[in-house]
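Please read the structure below before turning to the comments.
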Amino acid sequence: MNAMLLSDLLIAKKYLMPQVGLGIVVGIFMCIMMENIYVIAPAIAAMTPFSVAFTILAFDERGGWEQFRLALPLSRKHVITGRYASFAVIAIVGFMTGIVATGLVIIAATLFSNVPQLAALMVNFSWQAIVLASITGVAVIVVMLSVVLPMVARFGMTKAVRFAPLIIFFGVFFLFTAGGNGEVPQFLANLASWVQTPEGTLGMAGIVVAAAAALYAASCALSIKLYERREL
């Protein structure tokens with residue numbers, strides 16, 4: 001797994017910094033235009049790993065690296081676990097970059113409070129909203145990778161991208177229609193009230209991280225099984 005992890009990170013090194021820079025520019029631009037400081041972290045956290053991960057996957061298929069890699073003393077299990085580990089590292093980099101960028105904007109808004117665009121960002125400021133927004137950005141990309149990577153392991157990048165949008169569409173459709181008649185169940189109302197407390201915010205952040213990690217681990221196990229059956 002270490003060799004696979006190092007291989008992916010070496011490829012990512014060339015594209016990670018430009019993508020981080022682009023994510024910061026887009027996140028801050030959205031923040032200023034929407035007058036919403038909470039969009040910076042999730043935008044960067046989602047954009048960075050999404051772009052870099054799909055770049056690595058595309059290079060694998062275009063350059064024929066999959067066949068070459070399997071000629072090395074690497075098992076298919078090591079290939080998959082290393083890839084999941086490298087994408088997790090990239091996701092953490094995106095998350096941390098989003099937090100740092102948000103902090104810098106907060107500092108700028110505090111120091112230059114006479115600038116209307118910056119002052120507007122600090123109206124009704126809430127650290128809890130930043131925490132939840134940041135975790136949500138990471139959770140979104142983890143769920144997306146958890147759905148896409150097993151398909152890539154089984155069919156390859158080209159075929160997988162044909163089915164991924166359809167699966168994601170039906171997933172979003174299910175979430176929007178699961179509410180039925182639109183009435184909010186009492187337990188969800190109670191959960192929303194709990195999340196608004198500091199303890200609830202941190203607790204929900206922990207729950208989301210744990211759930212995303214569990215889904216990612218399950219996706220990795222599935223990808224291992226699918227990749228072992230695939231003919232290259």
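Residues are named by chain letter and number: chains run A, B, ... in the order of the structure tokens, numbers start at 1 in each chain, and ligands are numbered from 1 in the order shown.
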
key: 7 Å contact set for segment 143-148 of chain A, only C-alpha atoms, chain neighbours under 6 positions out, as a PyMOL selection string   = chain A and resi 160+164+212+215-216+219

Output N, CA and C atoms for every residue in that selection, as an mmCIF file, in the first residue's frame.
data_model
loop_
_atom_site.group_PDB
_atom_site.id
_atom_site.type_symbol
_atom_site.label_atom_id
_atom_site.label_comp_id
_atom_site.auth_asym_id
_atom_site.auth_seq_id
_atom_site.Cartn_x
_atom_site.Cartn_y
_atom_site.Cartn_z
ATOM 1 N N ALA A 160 -17.015 3.920 -16.039
ATOM 2 C CA ALA A 160 -17.576 4.320 -14.746
ATOM 3 C C ALA A 160 -18.223 5.702 -14.816
ATOM 4 N N ALA A 164 -21.863 6.933 -13.230
ATOM 5 C CA ALA A 164 -21.803 7.698 -11.978
ATOM 6 C C ALA A 164 -22.847 8.810 -11.899
ATOM 7 N N ALA A 212 -19.000 8.950 7.402
ATOM 8 C CA ALA A 212 -18.280 9.049 6.128
ATOM 9 C C ALA A 212 -17.106 8.076 6.092
ATOM 10 N N LEU A 215 -18.453 4.558 5.576
ATOM 11 C CA LEU A 215 -18.858 4.368 4.181
ATOM 12 C C LEU A 215 -17.636 4.207 3.281
ATOM 13 N N TYR A 216 -16.617 5.011 3.525
ATOM 14 C CA TYR A 216 -15.382 4.964 2.727
ATOM 15 C C TYR A 216 -14.699 3.606 2.892
ATOM 16 N N SER A 219 -16.699 1.021 1.068
ATOM 17 C CA SER A 219 -16.460 1.179 -0.368
ATOM 18 C C SER A 219 -15.114 0.575 -0.757
#

inquiry  = Would you pick out the contacts of segment 199-202 of chain A at 10 Å or less, using only C-alpha atoms, so that residues sharing its chain but fewer than 4 positions from it are not included, and give the list as a VMD selection string?
reply    = chain A and resid 127 to 129 131 to 132 191 to 195 206 to 208

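Of the residues listed (A:Ala3, A:Ala205, A:Val115, A:Leu226), A:Ala3 shows the shortest atom-to-atom separation from Pro73 of chain A; distances use only C-alpha atoms.
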
Interatomic distance, atom CA of Asp8 of chain A to atom CA of Val209 of chain A (Å, one decimal) = 23.6 Å

request  = Taking the DSSP assignment computed from this structure's backbone, write out as a ChimeraX atom specification all residues of segment 45-82 of chain A that belong to alpha helix (DSSP H).
outcome  = /A:45-63,65-70,76-82

Where does segment 126-148 of chain A meet segment 81-93 of chain A within 8 Å, residue by residue, with the nearest atom pair and distance in Å to one decimal for each, counting only C-alpha atoms, listed by chain and rising number, as a Markdown table?
| residue | atom | partner | partner_atom | distance |
| --- | --- | --- | --- | --- |
| A:Val138 | CA | A:Ala91 | CA | 6.9 |
| A:Ile141 | CA | A:Ala91 | CA | 7.8 |
| A:Val142 | CA | A:Ala91 | CA | 8.0 |

Give me a file of those residues, with C-alpha atoms, as a PDB file, in the first residue's frame.
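selection.pdb written:
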ATOM      1  CA  VAL A 138     -15.679  16.706   3.096  1.00  0.00           C
ATOM      2  CA  ILE A 141     -16.705  14.336  -1.666  1.00  0.00           C
ATOM      3  CA  VAL A 142     -16.229  11.190   0.443  1.00  0.00           C
TER       4      VAL A 142
END

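The smallest atom-to-atom distance between Pro150 of chain A and any of A:Asn114, A:Ser75, A:Thr197, A:Ser223, using only C-alpha atoms, is found for A:Ser223.
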
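Of note, atom CA of Lys159 of chain A and atom CA of Ala213 of chain A are spaced 26.0 Å apart.
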
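Comparing the minimum interatomic distances between Pro116 of chain A and each of A:Ser51, A:Met96, A:Ile32, A:Leu149, counting only C-alpha atoms, we find that A:Ile32 sits nearest.
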
request  = Fewer than 3 positions away in the same chain doesn't count, so skip those; otherwise give me all residues within 12 Å of Asn124 of chain A, counting only C-alpha atoms, as a PyMOL selection string.
outcome  = chain A and resi 35-38+119-121+127-129

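For Phe54 of chain A, the non-local neighbours within 9 Å, defined as residues at least 5 positions apart in the same chain or in other chains and counting only C-alpha atoms, are Pro49, Phe59 and Met157 of chain A.
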
Okay, now the selection with N, CA, C and O atoms, as an mmCIF file, in the first residue's frame?
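Result saved to selection.cif:
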data_model
loop_
_atom_site.group_PDB
_atom_site.id
_atom_site.type_symbol
_atom_site.label_atom_id
_atom_site.label_comp_id
_atom_site.auth_asym_id
_atom_site.auth_seq_id
_atom_site.Cartn_x
_atom_site.Cartn_y
_atom_site.Cartn_z
ATOM 1 N N PRO A 49 -10.154 17.652 -3.840
ATOM 2 C CA PRO A 49 -10.010 16.206 -4.048
ATOM 3 C C PRO A 49 -10.757 15.705 -5.278
ATOM 4 O O PRO A 49 -10.321 14.747 -5.910
ATOM 5 N N PHE A 59 -5.255 9.533 -15.703
ATOM 6 C CA PHE A 59 -3.883 9.220 -16.079
ATOM 7 C C PHE A 59 -3.640 7.715 -16.062
ATOM 8 O O PHE A 59 -2.906 7.191 -16.905
ATOM 9 N N MET A 157 -12.179 3.726 -15.684
ATOM 10 C CA MET A 157 -12.586 5.123 -15.599
ATOM 11 C C MET A 157 -13.613 5.499 -16.669
ATOM 12 O O MET A 157 -14.638 6.115 -16.386
#

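Minimum atom-to-atom distance to Arg69 of chain A, evaluated using only C-alpha atoms, belongs to A:Met4 out of A:Met4, A:Ala210, A:Met33, A:Met204.
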
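Residue nearest Cys220 of chain A, chosen from A:Leu72, A:Tyr15, A:Val79, A:Leu111 and counting only C-alpha atoms: A:Val79.
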